[in-house]
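Data first, discussion second: the structure below is written as structure tokens.
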Amino acid sequence: MDGCIFCGIASGAIPAKVLFQDDHVVAFHDIHPVAPVHVLVIPKRHVASLAEVSPDDREMLGHLMSAVRRVAVETGVAESGFRTVINTGEGAGQSVFHLHIHVLGGRTFPWPP
Ligand code: AMP
């Protein structure tokens, strides 16, 4: 989508520290990490947020979750533990309106957040 920064990263037009990508998803390091491991997983296709997904997106959502596991393994936090976050809507802190999963690891995380 024109003007979407994560669409730009998905297409390669905007540089990012990409961990891996495939036909469906891109995993790249967050530009302002809040943990020793902070990777974002996005679908290549533009979807604004989790509030915008439809039943047709089930396969894409599966790709995202599978990629989250791969991020955890490749960054070495699969066994120590990791936090996944999807901010949905401004009220929840979403600032980039292209669906993304934060994968956070390398420190402890309080619960409730
Ligand atoms: P959220 O607030 O949940 O929408 O998260 C958006 C995240 O995108 C923030 O953690 C930002 O630091 C991150 N971010 C914004 N622009 C970039 C970029 N060009 N490359 C990598 N991460 C980015």
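Labels used: A, B, ... for chains in the order of the structure tokens, numbers from 1 for residues in each chain, and numbers from 1 for ligands as shown.
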### Within 8 Å of ligand 1 (only C-alpha atoms and all ligand atoms), residues as a VMD selection string
chain A and resid 5 to 6 9 14 to 17 28 to 34 40 85 to 88 93 to 98 100 to 102
### Task
For Val68 of chain A, list every protein, DNA or RNA residue within 9 Å, evaluated using only C-alpha atoms, and leave out those in the same chain fewer than 5 positions away; present the list as a list in words.
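Skipping anything fewer than 5 positions along the chain leaves Ala27, Val39, Leu40, Val41, His63, Val73, Thr84, Ile101, His102 and Val103 of chain A.
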Output N, CA, C and O atoms of each residue in that selection to a file, as a PDB file, in the first residue's frame.
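Here's the written file out24.pdb:
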ATOM      1  N   ALA A  27      10.712 -11.150   8.416  1.00  0.00           N
ATOM      2  CA  ALA A  27      11.086 -10.955   9.822  1.00  0.00           C
ATOM      3  C   ALA A  27      12.304 -10.037   9.834  1.00  0.00           C
ATOM      4  O   ALA A  27      13.308 -10.314   9.166  1.00  0.00           O
ATOM      5  N   VAL A  39      12.264  -8.521  17.294  1.00  0.00           N
ATOM      6  CA  VAL A  39      12.079  -8.753  15.860  1.00  0.00           C
ATOM      7  C   VAL A  39      10.595  -8.574  15.544  1.00  0.00           C
ATOM      8  O   VAL A  39       9.728  -8.938  16.350  1.00  0.00           O
ATOM      9  N   LEU A  40      10.322  -8.012  14.386  1.00  0.00           N
ATOM     10  CA  LEU A  40       8.952  -7.860  13.906  1.00  0.00           C
ATOM     11  C   LEU A  40       8.705  -8.860  12.779  1.00  0.00           C
ATOM     12  O   LEU A  40       9.563  -9.025  11.909  1.00  0.00           O
ATOM     13  N   VAL A  41       7.546  -9.509  12.825  1.00  0.00           N
ATOM     14  CA  VAL A  41       7.143 -10.431  11.753  1.00  0.00           C
ATOM     15  C   VAL A  41       5.912  -9.838  11.085  1.00  0.00           C
ATOM     16  O   VAL A  41       4.912  -9.536  11.764  1.00  0.00           O
ATOM     17  N   HIS A  63       1.155 -18.666   8.595  1.00  0.00           N
ATOM     18  CA  HIS A  63       2.534 -18.367   8.181  1.00  0.00           C
ATOM     19  C   HIS A  63       3.217 -17.456   9.196  1.00  0.00           C
ATOM     20  O   HIS A  63       4.385 -17.640   9.528  1.00  0.00           O
ATOM     21  N   VAL A  73      13.772 -19.499  17.406  1.00  0.00           N
ATOM     22  CA  VAL A  73      14.857 -20.486  17.273  1.00  0.00           C
ATOM     23  C   VAL A  73      16.128 -19.801  16.776  1.00  0.00           C
ATOM     24  O   VAL A  73      17.219 -19.974  17.341  1.00  0.00           O
ATOM     25  N   THR A  84       5.359 -12.529  22.746  1.00  0.00           N
ATOM     26  CA  THR A  84       4.829 -12.061  21.468  1.00  0.00           C
ATOM     27  C   THR A  84       3.747 -11.026  21.757  1.00  0.00           C
ATOM     28  O   THR A  84       2.928 -11.214  22.671  1.00  0.00           O
ATOM     29  N   ILE A 101       3.799  -8.734  14.310  1.00  0.00           N
ATOM     30  CA  ILE A 101       3.952  -9.404  15.609  1.00  0.00           C
ATOM     31  C   ILE A 101       5.331  -9.047  16.144  1.00  0.00           C
ATOM     32  O   ILE A 101       6.346  -9.268  15.480  1.00  0.00           O
ATOM     33  N   HIS A 102       5.359  -8.464  17.356  1.00  0.00           N
ATOM     34  CA  HIS A 102       6.632  -8.241  18.031  1.00  0.00           C
ATOM     35  C   HIS A 102       7.078  -9.559  18.662  1.00  0.00           C
ATOM     36  O   HIS A 102       6.284 -10.207  19.356  1.00  0.00           O
ATOM     37  N   VAL A 103       8.319  -9.937  18.447  1.00  0.00           N
ATOM     38  CA  VAL A 103       8.911 -11.095  19.133  1.00  0.00           C
ATOM     39  C   VAL A 103      10.027 -10.550  20.015  1.00  0.00           C
ATOM     40  O   VAL A 103      11.009  -9.992  19.520  1.00  0.00           O
TER      41      VAL A 103
END
### Query
atom CA of Met1 of chain A to atom CA of Lys44 of chain A: how many Å, to one decimal?
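These two atoms are separated by 10.5 Å.
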### Query
Could you name the residues that touch Ser80 of chain A at 8 Å or less, counting only C-alpha atoms, but leaving out those on the same chain fewer than 3 positions away, as a list of chain:residue names?
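The residues satisfying every condition are A:Gly76, A:Val77, A:Gly106.
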I need the strand (DSSP E or B) residues of chain A per DSSP on the backbone, written as a short mmCIF file (atom, residue, chain, number, x, y, z; two decimals) with C-alpha atoms, in the first residue's frame.
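That gives us states_4.cif:
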data_model
loop_
_atom_site.label_atom_id
_atom_site.label_comp_id
_atom_site.auth_asym_id
_atom_site.auth_seq_id
_atom_site.Cartn_x
_atom_site.Cartn_y
_atom_site.Cartn_z
CA VAL A 18 16.05 -8.62 7.66
CA LEU A 19 16.46 -11.88 9.57
CA PHE A 20 14.65 -13.95 6.94
CA GLN A 21 11.81 -13.76 4.46
CA VAL A 25 6.34 -13.03 5.49
CA VAL A 26 9.33 -10.90 6.43
CA ALA A 27 11.09 -10.96 9.82
CA PHE A 28 13.29 -7.96 10.60
CA HIS A 29 14.86 -6.30 13.61
CA VAL A 37 15.89 -9.63 20.91
CA HIS A 38 13.18 -7.53 19.26
CA VAL A 39 12.08 -8.75 15.86
CA LEU A 40 8.95 -7.86 13.91
CA VAL A 41 7.14 -10.43 11.75
CA ILE A 42 4.89 -9.03 9.03
CA PRO A 43 2.83 -10.43 6.16
CA PHE A 82 9.93 -15.05 24.52
CA ARG A 83 7.03 -12.62 24.53
CA THR A 84 4.83 -12.06 21.47
CA VAL A 85 2.82 -8.85 21.19
CA ILE A 101 3.95 -9.40 15.61
CA HIS A 102 6.63 -8.24 18.03
CA VAL A 103 8.91 -11.10 19.13
CA LEU A 104 10.73 -10.07 22.30
CA GLY A 105 13.34 -12.04 24.21
#
### Message
Which residue is closest to Asp57 of chain A? Choose from A:Ala78, A:Leu99, A:Glu90, A:Asp23 and count only C-alpha atoms.
### Response
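That would be A:Leu99, the residue with the smallest distance to Asp57 of chain A.
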